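Presented below is the structure to which this report refers.
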Amino acid sequence: MKNERKRTFLLITIPILALFVCFNTIPLIRGVIYSFTNFKGFGTYDWVGFRNYIDLFSDARVGKSYLFTFKLAIVTTVVVNVLSLALALALNSKIRAKSFFRGAYFLPNILGALVVGYIFNYFFTYILPAFGSMIGSESLGSSILSNPDSAWIGIMVVCAWQAVAMNTIIYISGLQTVPEDVYEAGGLDGATGWKQFRYLTFPLIIPFFSINMVLCVKNFLMVFDQIMALTKGGPAQSTESISYLIYNNGMSGGQFGFQSANAVIFFLVIVTVSVAQMKFTGKKEEQL
Amino acid sequence: MKEGMTKKTNWTAMVVLILGLSAIAFPLYMTLIIAFKQPSEMTTSVSGILSLPKTWSLDNFREAMRVTDFWNSFKNSLLITILTVVLSIIIHSLMGYALGRNKSHSKFYSFVYLFIVSGMFVPFAILMMPLAKQTAEMGLSNWFGVILLYVVFYMPMNILLYSGYLVNIPMALEEAAKVDGASTWRTYWKIIFPIMRPMHATVAVLTALSVWNDVMTPLVIMAGSEQNTLPLAQLNFQTQFGTNYNLAFASYLLSLIPILIFYLICQKQILNGVVNGAVK
């Protein structure tokens with residue numbers, strides 16, 4: 001009887017584990033191996049030791065893509081969380097047509113990022129400049145996507161437009177865990193408005209804040225579709241995200257080996273950031 | 001917030017929400033009207049771009065369907081999404097069960113659990129180049145290969161969800177069935193699998209949304225197969241639209257319609273699924 005159960009569990013686990021190893025672990029290991037070669041993606045290749053890694057740290061284009069990706073991820077995370085917290089508070093207050101509003105505000109999240117990117121691309125290229133010249137604004141007169149200094153703002157807006165929906169819904173479920181009598185008791189002590197939010201509401205929804213931070217940072221560091229749809233890394237390589245650079249130069253640019261090294265570093269960065277975030281937010285929760 | 005206590009409608013929040021809605025509605029409105037207009041109706045002024053079309057003709061959509069081979073891409077997207085969801089529910093729930101029931105007392109199972117769940121940290125960027133090579137070598141550069149990869153990619157998240165849910169299902173249920181002489185395999189399908197239904201819904205929603213909208217995996221894996229998914233078709237035909245934005249927008253709208261219909265019908269399940277997936 002006991003053996004039958006053990007055998008069944010093994011028969012389930014082994015094939016599925018094999019599938020996982022075959023399409024996750026082995027490619028990961030192969031990626032690490034390629035990162036020590038000068039492989040172009042085809043033909044023969046040689047071992048080059050750590051040269052790709054050394055080159056990586058002196059490569060201006062790679063450095064630029066890391067700076068851009070982190071700038072985008074940090075700014076978008078802040079913008080998204082401020083907006084979605086405000087929205088969640090509004091959606092959780094006493095309003096009419098609550099389920100309609102919640103449904104409508106979640107809508108952007110279910111749409112494909114690529115097509116949303118294309119739609120916004122048109123908006124930034126034609127409608128916003130037309131609006132700019134109508135109100136006589138110099139800076140809005142031309143497309144923000146064609147200016148290396150402002151193109152990232154366009155990408156930030158598109159990322160935020162979709163991500164706010166997701167974070168709002170998570171904050172709402174957080175706000176629903178706060179019992180009504182906490183506010184009533186707080187109200188007696190004079191905690192209303194901002195004070196109430198700062199000292200009562202926010203500390204109680206910190207776990208949900210952590211979820212949103214981890215989700216946001218990880219997703220925005222891996223940004224790809226929006227870049228593909230809006231700028232293709234341009235202008236002047238000012239909006240090349242790490243994923244886009246690896247895809248573009250690794251798959252078709254003859255830098256298979258070099259970009260594999262980049263991908264290995266990127267992998268380590270993602271792991272470090274995620275683990276650090278969990279440690280940090282974990283500590284904060286304990287204090288409560 | 002004072003209004004909240006006296007149970008009156010919070011009108012400040014209402015006004016903010018109604019204004020905010022325009023940020024959601026505007027891009028969609030823009031898509032709709034541009035998709036219906038003719039190139040001759042497009043002018044460079046704001047009012048020209050945003051005015052309603054003179055006639056509501058479906059010609060743009062017919063042409064977009066023809067150019068992008070819409071039905072073929074739609075069929076591929078649907079096939080890939082449905083098969084991935086079905087396989088995920090079967091495979092991930094089984095694995096979640098095997099790992100969830102054993103990881104507390106077996107070193108082997110707890111290692112396998114951690115090994116698979118930590119796959120969540122592996123970005124697609126590091127896998128894509130080796131996978132493009134590997135799937136080509138194995139003859140999997142097609143929709144079937146893409147499905148296999150999805151089943152592997154979503155495994156960490158879904159196993160986390162399933163084995164987390166399993167904690168709340170008492171062992172006594174299985175033991176009762178065992179007394180009746182049912183095998184573990186039979187017990188799973190007769191008792192455990194049906195009980196996990198709420199989690200199946202969550203997994204189905206999360207997996208379906210990610211798969212339906214994913215661009216990168218089919219882009220990297222199916223590039224040479226001349227087959228498209230709906231998002232991939234938008235990417236591949238982007239250059240063919242040229243400056244005919246009306247045709248392009250008709251095509252964008254067509255690719256958004258299926259998921260919009262799905263959302264209108266299953267809005268509640270989708271919202272629940274997304275929240276469950278993120279919070280648990």
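So you can find residues: chains in the structure tokens are A, B, ... in the order shown, residues in each start at 1, and ligands are numbered from 1 in order.
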Nearby residues (only C-alpha atoms) at most 12 Å from Ile265 in chain A, same-chain spacing under 6 positions excluded, as a list in words: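 Counting only C-alpha atoms, the residues come to Gly31, Val32, Ser35, Asn52, Tyr53, Ile54, Leu56, Phe57, Val62, Gly63, Tyr66, Ile242, Ser243, Ile246, Phe258, Gln259, Val271 and Thr272 of chain A; Val122, Pro123, Ala125 and Ile126 of chain B.
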Contact set, chain B to chain A: 7 Å, only C-alpha atoms, as a ChimeraX atom specification: /B:1,4,7-10,13-14,31,44-46,94-95,98,121-123,125-127,129-131,149,152,184-185,209,213,231,252,256,275
Would you mind writing down, as a CSV table (one decimal) with N, CA and C atoms, in the first residue's frame, each residue of range 63-234 of chain B that DSSP on the backbone assigns to alpha helix (DSSP H)?
chain,number,residue,atom,x,y,z
B,63,GLU,N,-9.9,43.9,-45.5
B,63,GLU,CA,-8.6,44.0,-46.1
B,63,GLU,C,-7.5,43.6,-45.1
B,64,ALA,N,-7.7,44.0,-43.9
B,64,ALA,CA,-6.7,43.6,-42.9
B,64,ALA,C,-6.7,42.1,-42.6
B,65,MET,N,-7.8,41.5,-42.7
B,65,MET,CA,-7.9,40.1,-42.5
B,65,MET,C,-7.2,39.3,-43.6
B,66,ARG,N,-7.4,39.9,-44.8
B,66,ARG,CA,-6.7,39.3,-46.0
B,66,ARG,C,-5.2,39.4,-45.9
B,67,VAL,N,-4.7,40.6,-45.6
B,67,VAL,CA,-3.3,40.9,-45.6
B,67,VAL,C,-2.6,40.1,-44.5
B,68,THR,N,-3.2,40.0,-43.3
B,68,THR,CA,-2.5,39.4,-42.2
B,68,THR,C,-2.8,37.9,-42.1
B,70,PHE,N,-5.6,36.7,-41.1
B,70,PHE,CA,-6.2,36.7,-39.7
B,70,PHE,C,-6.6,35.4,-39.2
B,71,TRP,N,-7.4,34.7,-40.0
B,71,TRP,CA,-8.0,33.5,-39.4
B,71,TRP,C,-7.0,32.4,-39.1
B,72,ASN,N,-5.9,32.3,-39.9
B,72,ASN,CA,-4.9,31.4,-39.6
B,72,ASN,C,-4.1,31.7,-38.3
B,73,SER,N,-3.8,33.0,-38.1
B,73,SER,CA,-3.1,33.4,-36.9
B,73,SER,C,-4.1,33.2,-35.7
B,74,PHE,N,-5.3,33.5,-35.9
B,74,PHE,CA,-6.3,33.4,-34.8
B,74,PHE,C,-6.4,31.9,-34.4
B,75,LYS,N,-6.4,31.0,-35.4
B,75,LYS,CA,-6.5,29.6,-35.2
B,75,LYS,C,-5.3,29.1,-34.4
B,76,ASN,N,-4.1,29.6,-34.8
B,76,ASN,CA,-2.9,29.2,-34.1
B,76,ASN,C,-2.9,29.7,-32.7
B,77,SER,N,-3.3,30.9,-32.5
B,77,SER,CA,-3.3,31.5,-31.1
B,77,SER,C,-4.2,30.7,-30.2
B,78,LEU,N,-5.4,30.4,-30.8
B,78,LEU,CA,-6.4,29.7,-30.0
B,78,LEU,C,-6.0,28.3,-29.7
B,79,LEU,N,-5.4,27.6,-30.6
B,79,LEU,CA,-4.9,26.2,-30.5
B,79,LEU,C,-3.8,26.2,-29.4
B,80,ILE,N,-2.8,27.1,-29.5
B,80,ILE,CA,-1.7,27.2,-28.6
B,80,ILE,C,-2.2,27.5,-27.2
B,81,THR,N,-3.1,28.5,-27.1
B,81,THR,CA,-3.6,28.9,-25.7
B,81,THR,C,-4.4,27.7,-25.1
B,82,ILE,N,-5.3,27.1,-25.8
B,82,ILE,CA,-6.2,26.1,-25.2
B,82,ILE,C,-5.4,24.9,-24.8
B,83,LEU,N,-4.5,24.4,-25.7
B,83,LEU,CA,-3.7,23.3,-25.4
B,83,LEU,C,-2.8,23.5,-24.2
B,84,THR,N,-2.2,24.7,-24.2
B,84,THR,CA,-1.3,25.0,-23.1
B,84,THR,C,-2.1,25.0,-21.7
B,85,VAL,N,-3.3,25.6,-21.8
B,85,VAL,CA,-4.0,25.7,-20.5
B,85,VAL,C,-4.4,24.3,-20.1
B,86,VAL,N,-4.9,23.4,-21.0
B,86,VAL,CA,-5.3,22.1,-20.6
B,86,VAL,C,-4.1,21.3,-20.1
B,87,LEU,N,-3.0,21.3,-20.8
B,87,LEU,CA,-1.8,20.6,-20.4
B,87,LEU,C,-1.3,21.1,-19.0
B,88,SER,N,-1.3,22.5,-18.9
B,88,SER,CA,-0.9,23.0,-17.6
B,88,SER,C,-1.7,22.6,-16.4
B,89,ILE,N,-3.0,22.6,-16.6
B,89,ILE,CA,-3.9,22.1,-15.5
B,89,ILE,C,-3.6,20.7,-15.1
B,90,ILE,N,-3.4,19.8,-16.2
B,90,ILE,CA,-3.2,18.4,-15.9
B,90,ILE,C,-1.8,18.2,-15.3
B,91,ILE,N,-0.8,18.7,-16.0
B,91,ILE,CA,0.6,18.4,-15.6
B,91,ILE,C,1.0,19.1,-14.3
B,92,HIS,N,0.7,20.4,-14.2
B,92,HIS,CA,1.1,21.2,-13.1
B,92,HIS,C,0.3,20.8,-11.8
B,93,SER,N,-0.9,20.4,-11.9
B,93,SER,CA,-1.7,20.0,-10.7
B,93,SER,C,-1.1,18.7,-10.2
B,94,LEU,N,-0.8,17.8,-11.2
B,94,LEU,CA,-0.3,16.5,-10.7
B,94,LEU,C,1.1,16.7,-10.0
B,95,MET,N,1.9,17.5,-10.6
B,95,MET,CA,3.2,17.8,-10.0
B,95,MET,C,3.1,18.5,-8.7
B,96,GLY,N,2.2,19.4,-8.7
B,96,GLY,CA,1.9,20.2,-7.4
B,96,GLY,C,1.5,19.2,-6.3
B,97,TYR,N,0.7,18.2,-6.7
B,97,TYR,CA,0.2,17.2,-5.8
B,97,TYR,C,1.3,16.4,-5.3
B,98,ALA,N,2.1,15.8,-6.2
B,98,ALA,CA,3.2,15.0,-5.8
B,98,ALA,C,4.2,15.7,-4.9
B,99,LEU,N,4.5,16.9,-5.3
B,99,LEU,CA,5.5,17.7,-4.5
B,99,LEU,C,4.9,18.2,-3.2
B,100,GLY,N,3.7,18.7,-3.3
B,100,GLY,CA,3.1,19.3,-2.1
B,100,GLY,C,2.8,18.3,-1.0
B,101,ARG,N,2.5,17.0,-1.4
B,101,ARG,CA,2.2,16.0,-0.4
B,101,ARG,C,3.5,15.4,0.2
B,102,ASN,N,4.7,15.6,-0.5
B,102,ASN,CA,5.9,14.9,0.0
B,102,ASN,C,7.0,15.8,0.5
B,107,LYS,N,13.5,14.7,1.5
B,107,LYS,CA,14.5,15.6,1.0
B,107,LYS,C,14.5,15.7,-0.5
B,108,PHE,N,14.2,14.5,-1.1
B,108,PHE,CA,14.2,14.5,-2.6
B,108,PHE,C,13.1,15.4,-3.1
B,109,TYR,N,11.9,15.3,-2.6
B,109,TYR,CA,10.8,16.1,-3.1
B,109,TYR,C,10.9,17.5,-2.8
B,110,SER,N,11.5,17.8,-1.6
B,110,SER,CA,11.6,19.3,-1.3
B,110,SER,C,12.7,19.9,-2.1
B,111,PHE,N,13.7,19.1,-2.5
B,111,PHE,CA,14.7,19.6,-3.4
B,111,PHE,C,14.1,19.9,-4.8
B,112,VAL,N,13.3,18.9,-5.3
B,112,VAL,CA,12.7,19.1,-6.7
B,112,VAL,C,11.8,20.3,-6.6
B,113,TYR,N,11.1,20.5,-5.5
B,113,TYR,CA,10.2,21.6,-5.4
B,113,TYR,C,10.9,22.9,-5.5
B,114,LEU,N,12.0,23.1,-4.7
B,114,LEU,CA,12.8,24.3,-4.7
B,114,LEU,C,13.4,24.5,-6.1
B,115,PHE,N,13.9,23.4,-6.7
B,115,PHE,CA,14.6,23.4,-8.0
B,115,PHE,C,13.7,24.0,-9.0
B,116,ILE,N,12.4,23.5,-9.1
B,116,ILE,CA,11.5,24.0,-10.1
B,116,ILE,C,11.0,25.4,-9.8
B,117,VAL,N,10.6,25.6,-8.5
B,117,VAL,CA,10.1,27.0,-8.2
B,117,VAL,C,11.1,28.1,-8.4
B,124,PHE,N,13.6,35.0,-19.6
B,124,PHE,CA,13.6,34.3,-20.9
B,124,PHE,C,14.8,34.7,-21.7
B,125,ALA,N,15.4,35.9,-21.4
B,125,ALA,CA,16.6,36.4,-22.2
B,125,ALA,C,17.7,35.4,-22.2
B,126,ILE,N,17.9,34.7,-21.1
B,126,ILE,CA,19.1,33.8,-21.1
B,126,ILE,C,18.7,32.4,-21.7
B,127,LEU,N,17.4,32.1,-21.8
B,127,LEU,CA,17.0,30.8,-22.4
B,127,LEU,C,16.8,30.9,-23.9
B,128,MET,N,16.6,32.1,-24.4
B,128,MET,CA,16.0,32.2,-25.7
B,128,MET,C,17.0,31.7,-26.8
B,129,MET,N,18.3,32.1,-26.7
B,129,MET,CA,19.2,31.7,-27.7
B,129,MET,C,19.5,30.2,-27.7
B,130,PRO,N,19.8,29.6,-26.5
B,130,PRO,CA,20.0,28.2,-26.5
B,130,PRO,C,18.7,27.4,-26.9
B,131,LEU,N,17.5,28.0,-26.5
B,131,LEU,CA,16.3,27.3,-26.9
B,131,LEU,C,16.0,27.3,-28.4
B,132,ALA,N,16.3,28.5,-29.0
B,132,ALA,CA,16.1,28.6,-30.5
B,132,ALA,C,17.0,27.5,-31.1
B,133,LYS,N,18.2,27.3,-30.7
B,133,LYS,CA,19.1,26.2,-31.2
B,133,LYS,C,18.5,24.9,-31.0
B,134,GLN,N,18.2,24.7,-29.7
B,134,GLN,CA,17.7,23.3,-29.2
B,134,GLN,C,16.4,22.9,-29.9
B,135,THR,N,15.4,23.8,-30.0
B,135,THR,CA,14.2,23.4,-30.6
B,135,THR,C,14.4,23.1,-32.1
B,136,ALA,N,15.3,23.9,-32.7
B,136,ALA,CA,15.6,23.6,-34.1
B,136,ALA,C,16.2,22.2,-34.3
B,137,GLU,N,17.1,21.9,-33.4
B,137,GLU,CA,17.8,20.6,-33.5
B,137,GLU,C,16.8,19.5,-33.3
B,143,TRP,N,4.4,25.3,-33.6
B,143,TRP,CA,3.5,25.6,-32.5
B,143,TRP,C,3.6,24.5,-31.4
B,144,PHE,N,3.9,23.3,-31.7
B,144,PHE,CA,4.0,22.2,-30.7
B,144,PHE,C,5.1,22.5,-29.7
B,145,GLY,N,6.3,23.0,-30.3
B,145,GLY,CA,7.4,23.3,-29.5
B,145,GLY,C,7.1,24.5,-28.6
B,146,VAL,N,6.4,25.5,-29.1
B,146,VAL,CA,6.0,26.6,-28.3
B,146,VAL,C,5.1,26.2,-27.1
B,147,ILE,N,4.2,25.2,-27.3
B,147,ILE,CA,3.3,24.8,-26.3
B,147,ILE,C,4.2,24.1,-25.2
B,148,LEU,N,5.1,23.2,-25.6
B,148,LEU,CA,6.0,22.5,-24.7
B,148,LEU,C,6.7,23.5,-23.8
B,149,LEU,N,7.2,24.6,-24.4
B,149,LEU,CA,8.0,25.6,-23.7
B,149,LEU,C,7.1,26.3,-22.7
B,150,TYR,N,5.9,26.7,-23.1
B,150,TYR,CA,5.0,27.3,-22.2
B,150,TYR,C,4.7,26.4,-21.0
B,151,VAL,N,4.5,25.1,-21.2
B,151,VAL,CA,4.2,24.2,-20.1
B,151,VAL,C,5.4,24.3,-19.1
B,152,VAL,N,6.6,24.4,-19.7
B,152,VAL,CA,7.8,24.4,-18.8
B,152,VAL,C,7.9,25.8,-18.1
B,153,PHE,N,7.7,26.9,-18.9
B,153,PHE,CA,7.9,28.2,-18.3
B,153,PHE,C,6.9,28.6,-17.2
B,155,MET,N,5.5,26.4,-15.3
B,155,MET,CA,5.5,25.3,-14.3
B,155,MET,C,5.8,25.9,-12.9
B,156,PRO,N,6.9,26.7,-12.7
B,156,PRO,CA,7.3,27.1,-11.4
B,156,PRO,C,6.1,27.9,-10.7
B,157,MET,N,5.5,28.8,-11.3
B,157,MET,CA,4.4,29.6,-10.7
B,157,MET,C,3.2,28.7,-10.4
B,158,ASN,N,2.8,27.9,-11.3
B,158,ASN,CA,1.6,27.0,-11.2
B,158,ASN,C,1.8,26.0,-10.1
B,159,ILE,N,3.0,25.4,-10.0
B,159,ILE,CA,3.3,24.4,-9.0
B,159,ILE,C,3.3,25.1,-7.6
B,160,LEU,N,3.8,26.3,-7.5
B,160,LEU,CA,3.7,27.1,-6.3
B,160,LEU,C,2.2,27.3,-5.9
B,161,LEU,N,1.4,27.6,-6.8
B,161,LEU,CA,0.0,27.8,-6.5
B,161,LEU,C,-0.7,26.5,-6.1
B,162,TYR,N,-0.5,25.5,-6.9
B,162,TYR,CA,-1.2,24.2,-6.6
B,162,TYR,C,-0.7,23.6,-5.2
B,163,SER,N,0.6,23.6,-5.0
B,163,SER,CA,1.0,23.0,-3.7
B,163,SER,C,0.6,23.8,-2.5
B,164,GLY,N,0.5,25.2,-2.8
B,164,GLY,CA,0.0,26.0,-1.7
B,164,GLY,C,-1.4,25.7,-1.4
B,165,TYR,N,-2.2,25.5,-2.4
B,165,TYR,CA,-3.6,25.2,-2.2
B,165,TYR,C,-3.8,23.9,-1.5
B,166,LEU,N,-3.0,23.0,-1.8
B,166,LEU,CA,-3.1,21.6,-1.3
B,166,LEU,C,-3.0,21.5,0.2
B,171,MET,N,-5.5,15.5,4.6
B,171,MET,CA,-5.1,14.2,4.2
B,171,MET,C,-6.2,13.1,4.4
B,172,ALA,N,-7.0,13.4,5.4
B,172,ALA,CA,-8.1,12.4,5.8
B,172,ALA,C,-8.9,12.0,4.6
B,173,LEU,N,-9.1,13.0,3.7
B,173,LEU,CA,-9.9,12.6,2.5
B,173,LEU,C,-9.3,11.5,1.7
B,174,GLU,N,-8.0,11.6,1.5
B,174,GLU,CA,-7.3,10.6,0.8
B,174,GLU,C,-7.3,9.3,1.5
B,175,GLU,N,-7.1,9.4,2.8
B,175,GLU,CA,-6.9,8.2,3.6
B,175,GLU,C,-8.3,7.4,3.6
B,176,ALA,N,-9.4,8.1,3.6
B,176,ALA,CA,-10.7,7.5,3.6
B,176,ALA,C,-10.8,6.7,2.3
B,177,ALA,N,-10.3,7.3,1.2
B,177,ALA,CA,-10.4,6.6,-0.1
B,177,ALA,C,-9.5,5.4,-0.1
B,178,LYS,N,-8.4,5.5,0.6
B,178,LYS,CA,-7.4,4.4,0.6
B,178,LYS,C,-8.0,3.2,1.3
B,179,VAL,N,-8.7,3.4,2.4
B,179,VAL,CA,-9.4,2.4,3.1
B,179,VAL,C,-10.3,1.6,2.2
B,184,THR,N,-3.6,5.4,-5.4
B,184,THR,CA,-3.3,6.8,-5.3
B,184,THR,C,-3.7,7.6,-6.5
B,185,TRP,N,-3.4,7.0,-7.7
B,185,TRP,CA,-3.7,7.6,-9.0
B,185,TRP,C,-5.2,7.9,-9.1
B,186,ARG,N,-6.0,6.8,-8.7
B,186,ARG,CA,-7.5,7.0,-8.8
B,186,ARG,C,-8.0,8.0,-7.8
B,187,THR,N,-7.4,7.9,-6.6
B,187,THR,CA,-7.9,8.9,-5.6
B,187,THR,C,-7.6,10.3,-6.0
B,193,PHE,N,-8.3,16.1,-7.6
B,193,PHE,CA,-8.4,17.0,-8.8
B,193,PHE,C,-9.7,17.8,-8.8
B,194,PRO,N,-10.9,17.2,-8.5
B,194,PRO,CA,-12.1,18.0,-8.5
B,194,PRO,C,-12.1,19.1,-7.3
B,195,ILE,N,-11.5,18.8,-6.2
B,195,ILE,CA,-11.5,19.7,-5.1
B,195,ILE,C,-10.6,21.0,-5.4
B,197,ARG,N,-10.6,22.7,-7.9
B,197,ARG,CA,-11.2,23.5,-9.0
B,197,ARG,C,-11.0,25.0,-8.9
B,198,PRO,N,-11.1,25.6,-7.8
B,198,PRO,CA,-10.8,27.1,-7.7
B,198,PRO,C,-9.4,27.4,-8.2
B,199,MET,N,-8.5,26.5,-7.9
B,199,MET,CA,-7.1,26.8,-8.3
B,199,MET,C,-7.0,26.5,-9.8
B,200,HIS,N,-7.7,25.5,-10.3
B,200,HIS,CA,-7.7,25.3,-11.8
B,200,HIS,C,-8.1,26.6,-12.5
B,201,ALA,N,-9.1,27.2,-12.0
B,201,ALA,CA,-9.6,28.5,-12.6
B,201,ALA,C,-8.6,29.5,-12.6
B,202,THR,N,-7.9,29.7,-11.5
B,202,THR,CA,-6.8,30.7,-11.4
B,202,THR,C,-5.7,30.4,-12.4
B,203,VAL,N,-5.3,29.2,-12.4
B,203,VAL,CA,-4.2,28.8,-13.3
B,203,VAL,C,-4.6,29.0,-14.7
B,204,ALA,N,-5.8,28.6,-15.0
B,204,ALA,CA,-6.3,28.7,-16.4
B,204,ALA,C,-6.3,30.2,-16.8
B,205,VAL,N,-6.8,31.1,-16.0
B,205,VAL,CA,-6.9,32.5,-16.3
B,205,VAL,C,-5.5,33.1,-16.5
B,206,LEU,N,-4.6,32.8,-15.5
B,206,LEU,CA,-3.2,33.4,-15.6
B,206,LEU,C,-2.5,32.9,-16.8
B,207,THR,N,-2.5,31.6,-17.0
B,207,THR,CA,-1.8,31.0,-18.1
B,207,THR,C,-2.4,31.5,-19.5
B,208,ALA,N,-3.7,31.5,-19.6
B,208,ALA,CA,-4.3,31.9,-20.8
B,208,ALA,C,-4.0,33.3,-21.2
B,209,LEU,N,-4.0,34.3,-20.2
B,209,LEU,CA,-3.7,35.7,-20.5
B,209,LEU,C,-2.3,35.8,-21.0
B,210,SER,N,-1.3,35.1,-20.2
B,210,SER,CA,0.1,35.3,-20.6
B,210,SER,C,0.4,34.7,-22.0
B,211,VAL,N,-0.2,33.5,-22.2
B,211,VAL,CA,0.1,32.8,-23.5
B,211,VAL,C,-0.5,33.6,-24.7
B,212,TRP,N,-1.8,34.0,-24.5
B,212,TRP,CA,-2.5,34.7,-25.6
B,212,TRP,C,-1.7,36.0,-26.1
B,213,ASN,N,-1.1,36.7,-25.1
B,213,ASN,CA,-0.5,38.0,-25.4
B,213,ASN,C,1.0,37.9,-25.6
B,216,MET,N,7.3,37.1,-27.4
B,216,MET,CA,8.7,36.7,-27.5
B,216,MET,C,8.9,35.2,-27.8
B,217,THR,N,8.2,34.3,-27.2
B,217,THR,CA,8.4,32.9,-27.4
B,217,THR,C,8.1,32.5,-28.8
B,218,PRO,N,6.9,32.8,-29.4
B,218,PRO,CA,6.7,32.5,-30.8
B,218,PRO,C,7.7,33.2,-31.7
B,219,LEU,N,8.1,34.4,-31.4
B,219,LEU,CA,9.0,35.1,-32.2
B,219,LEU,C,10.3,34.4,-32.3
B,220,VAL,N,10.8,33.9,-31.2
B,220,VAL,CA,12.1,33.3,-31.2
B,220,VAL,C,12.0,31.8,-31.7
B,221,ILE,N,10.9,31.1,-31.4
B,221,ILE,CA,10.9,29.7,-31.7
B,221,ILE,C,10.3,29.5,-33.1
B,230,LEU,N,-1.5,35.6,-33.2
B,230,LEU,CA,-2.1,37.0,-33.5
B,230,LEU,C,-1.1,38.1,-33.2
B,231,PRO,N,-0.4,38.1,-32.0
B,231,PRO,CA,0.5,39.2,-31.8
B,231,PRO,C,1.7,39.2,-32.7
B,232,LEU,N,2.1,38.0,-33.1
B,232,LEU,CA,3.3,37.8,-34.0
B,232,LEU,C,2.9,38.4,-35.4
B,233,ALA,N,1.7,38.2,-35.8
B,233,ALA,CA,1.2,38.6,-37.1
B,233,ALA,C,1.3,40.2,-37.1
B,234,GLN,N,0.9,40.8,-36.0
B,234,GLN,CA,1.0,42.3,-36.0
B,234,GLN,C,2.4,42.7,-36.2
